[in-house]
Amino acid sequence: MEHKSPSPAPTASSGVQGSPLSGCPDSPRRGGLRILPPFGRHLWIRRRPPSPEALGSAPRRFQAASRAWTSRALLTASPGSRPGSAEREGGGSTQWRAEAQGEVLPGQRAGKMAAPMELFCWSGGWGLPSVDLDSLAVLTYARFTGAPLKVHKITNPWRSPSGTLPALRTSHGEVISVPHKIITHLRKEKYNADYDLSARQGADTLAFMSLLEEKLLPVLIHTFWVDAKNYVEVTRKWYAEAMPFPLNFFLPGRMQRQYMERLQLLCGEHRPEDEEELEKELYQEARECLTLLSQRLGSQKFFFGDAPASLDAFVFSYLALLQQAKLPSGKLQAHLRGLHNLCAYCTHILSLYFPWEGAEAPPPRQTPANPETEEEPYRRRNQILTVLAGLAAMAGYALLSGIVSIQRAPHARAPGTQALGMAEEDEEE
Amino acid sequence: MCNLPIKVVCRANAEYMSPSGKVPFIHVGNQVVSELGPIVQFVKAKGHSLSDGLDEVQKAEMKAYMELVNNMLLTAELYLQWCDDATVGEITLARYGSPYPWPLNHILAYQKQWEVKRKMKAIGWGNKTLDQVLEDVDQCCQALSQRLGTQPYFFNKHLNIWKFTVHVLSKSGLENFEHYFTIMPTELDALVFGHLYTILTTQMTNDELSEKVKNYSNLLAFCRRIEQHYFGKGSSSIRLS
């Protein structure tokens with residue numbers, strides 16, 4: 001991306017293109033303080049990694065400053081709004097410097113004491129930051145834009161403010177739980193990854209998201225929740241292990257029923273005999289969809305050039321789940337592995353934005369050979385301890401209830417056996 | 001658009017006749033094929049296709065936009081018809097139940113309404129207000145409008161293989177490359193036309209949906225153009241109120 005010098009001219013000419021997706025009616029920010037390069041490795045090199053939430057919040061907003069928001073916003077913009085935006089920019093640049101010193105948290109605008117936004121989402125597993133599709137999409141989007149979110153990774157959906165995950169508690173205290181609305185809210189708060197998209201690209205985003213929802217989502221639900229082998233060995237296992245007692249007994253089953261219902265309604269009513277055909281058709285369409293995505297991505301780093309957009313967040317969440325989870329029956333997984341540019345795309349995003357999650361994956365893979373030998377000594381020890389504990393309990397009960405009593409004879413001749421012998425004689429009498 | 005001879009027949013029990021429960025469906029010889037996707041594939045298998053000249057990326061985009069239309073416009077139409085109380089009470093129940101005698105008309109209409117409401121809930125539209133739905137329609141129309149731009153159809157300049165082959169075979173050289181590209185409509189144009197035309201010409205209690213579409217002049221011009229070209233009407237039935 002080229003640097004733009006701060007001047008009113010570029011805004012006027014580039015203002016014709018606007019992203020239809022940013023719903024913010026705010027006045028356009030002007031001046032191109034586009035000092036910082038777009039996302040990616042440059043960001044890592046230039047700034048020593050601060051807290052994860054601080055990633056690149058500044059550059060996005062500065063990039064935002066160089067172009068108008070939407071065509072609508074441009075129409076409503078008035079010259080009077082410019083000084084105001086320039087002030088905010090000035091505040092922003094000092095913030096960035098302060099942030100580089102690690103003092104001010106990004107997102108806290110100078111002078112405004114707003115509570116940070118909190119995101120509740122499912123915790124991570126299988127080498128991913130989150131195992132749930134929606135949570136992963138929202139998390140990825142937040143990482144792309146560097147929104148300062150306090151992320152709570154929980155495994156108990158009842159703990160979240162809205163009862164479902166993901167949920168966002170905004171700085172004003174309201175709770176949003178629909179993923180699209182969460183992203184819209186983030187956009188309104190000026191964390192917009194689609195800012196640099198042309199109108200046509202924005203339209204393409206909408207179209208491809210619809211494609212994902214219609215073709216890939218049913219199959220993903222089917223793969224993880226309906227396919228018996230996958231469900232029992234992977235999905236239910238993870239959720240049952242992760243959730244606290246006593247939720248792990250009934251909540252995974254309930255979730256499965258909800259997903260199955262959703263799948264049925266999505267696909268329409270089909271007679272049970274056609275289920276296999278339906279499955280084949282679904283998987284066929286999903287494979288086509290993956291191929292289409294691969295063709296659209298081509299050899300680019302992201303779908304719209306070099307910077308990630310919201311479409312990338314959604315596509316990544318779908319593909320990453322498919323790629324990373326170790327599914328016993330993964331027909332779609334095999335097809336995905338054949339599309340190398342999509343695999344590289346996933347790994348690229350994972351390594352760039354979630355590097356520490358990826359580190360969790362290797363250790364479990366290295367130890368599968370050892371668990372048995374490691375468990376052995378523990379198992380043996382546990383067994384011995386159990387037997388000893390049982391014996392001690394039995395002996396204690398026997399002594400306490402008087403079946404066996406040890407009486408100390410006044411002169412200790414043969415205390416042990418004689419005493420026992422006398423005790424037994426007493427009993428017999 | 002493919003110049004296929006068809007006869008349109010309207011039946012009250014069309015939904016029940018269709019193999020998948022959805023209209024439209026075509027009856028060809030002894031085969032019955034329903035829904036746009038399978039019909040397009042069926043026609044393609046018989047040798048007629050509108051999208052042969054598109055390259056892979058364009059085909060991907062076309063499929064994506066078709067899904068967008070299905071996702072947003074179709075769902076919005078269903079919502080307006082069945083979940084908006086004013087419209088339901090005044091128009092939909094009466095219209096849907098009109099071919100049947102009492103009490104069947106009420107029963108079937110309520111059953112359909114319950115089904116549609118359940119589907120809306122499953123895809124997350126159950127809690128949407130009418131304004132939010134209209135907002136979504138507006139976004140969708142904006143996307144379509146921007147994709148269409150000033151072109152006559154959504155995908156232009158796709159290679160006319162026939163012309164190209166003839167020209168190459170006649171060894172006339174490859175000048176005038178523009179000559180090989182024709183401007184032809186594709187399935188996406190047919191789908192968009194179908195939805196927009198219905199929205200624009202159906203009378204509802206609430207005209208806001210058609211107002212949203214009318215905001216985009218290139219979409220209106222697109223509809224008129226197709227109507228006049230393919231349905232041969234002298235004057236358009238799209239009214240600008």
# chains A, B, ... in the order shown; residues from 1 in each chain; ligands from 1
$ closest_atom_pairs --of "chain B" --to "chain A" --cutoff "6 Å" --atoms "only C-alpha atoms" --output "tab-separated table"
residue	atom	partner	partner_atom	distance
B:Val57	CA	A:Arg296	CA	5.7
B:Ala60	CA	A:Leu292	CA	5.2
B:Ala64	CA	A:Ala207	CA	4.9
B:Tyr65	CA	A:Ala207	CA	4.8
B:Glu67	CA	A:Leu211	CA	5.3
B:Leu68	CA	A:Ala207	CA	4.8
B:Lys119	CA	A:Leu265	CA	5.7
B:Ala122	CA	A:Arg262	CA	5.4
B:Ala143	CA	A:Ala203	CA	4.2
B:Gln146	CA	A:Arg200	CA	5.9
B:Arg147	CA	A:Arg200	CA	5.9
$ residues_around --residues "Leu188 in chain B" --least-positions-apart "6" --cutoff "8 Å" --atoms "only C-alpha atoms" --output "PDB file with N, CA and C atoms, in the first residue's frame"
ATOM      1  N   MET B  62     -20.351 -15.603  -9.951  1.00  0.00           N
ATOM      2  CA  MET B  62     -21.758 -15.734 -10.292  1.00  0.00           C
ATOM      3  C   MET B  62     -22.479 -16.592  -9.266  1.00  0.00           C
ATOM      4  N   LYS B  63     -21.836 -17.720  -8.911  1.00  0.00           N
ATOM      5  CA  LYS B  63     -22.478 -18.580  -7.912  1.00  0.00           C
ATOM      6  C   LYS B  63     -22.656 -17.836  -6.601  1.00  0.00           C
ATOM      7  N   TYR B  65     -22.978 -14.615  -6.083  1.00  0.00           N
ATOM      8  CA  TYR B  65     -24.047 -13.626  -6.145  1.00  0.00           C
ATOM      9  C   TYR B  65     -25.417 -14.280  -6.180  1.00  0.00           C
ATOM     10  N   MET B  66     -25.495 -15.436  -6.818  1.00  0.00           N
ATOM     11  CA  MET B  66     -26.781 -16.128  -6.806  1.00  0.00           C
ATOM     12  C   MET B  66     -27.154 -16.532  -5.388  1.00  0.00           C
ATOM     13  N   PHE B 154     -24.934  -8.581 -15.875  1.00  0.00           N
ATOM     14  CA  PHE B 154     -23.952  -8.694 -14.809  1.00  0.00           C
ATOM     15  C   PHE B 154     -22.583  -9.141 -15.304  1.00  0.00           C
TER      16      PHE B 154
END
$ atom_distance --atom1 "CA of Leu128 in chain A" --atom2 "CA of His348 in chain A"
13.1 Å
$ select_by_dssp --residues "range 225-353 of chain A" --states "helix (DSSP H, G or I)" --output "number ranges by chain"
A: 225-226, 228-242, 247-267, 272-297, 310-324, 331-338, 340-353
$ residues_around --residues "Val8 in chain B" --least-positions-apart "5" --cutoff "12 Å" --atoms "only C-alpha atoms" --output "PyMOL selection string"
chain B and resi 14+24-27
$ atom_distance --atom1 "CA of Arg159 in chain A" --atom2 "CA of Arg143 in chain A"
23.3 Å
$ atom_distance --atom1 "CA of Ser210 in chain B" --atom2 "CA of Leu196 in chain B"
8.3 Å
$ residues_around --residues "Thr205 in chain B" --least-positions-apart "2" --cutoff "7 Å" --atoms "only C-alpha atoms" --output "MDAnalysis selection string"
chainID B and resid 87 203 207
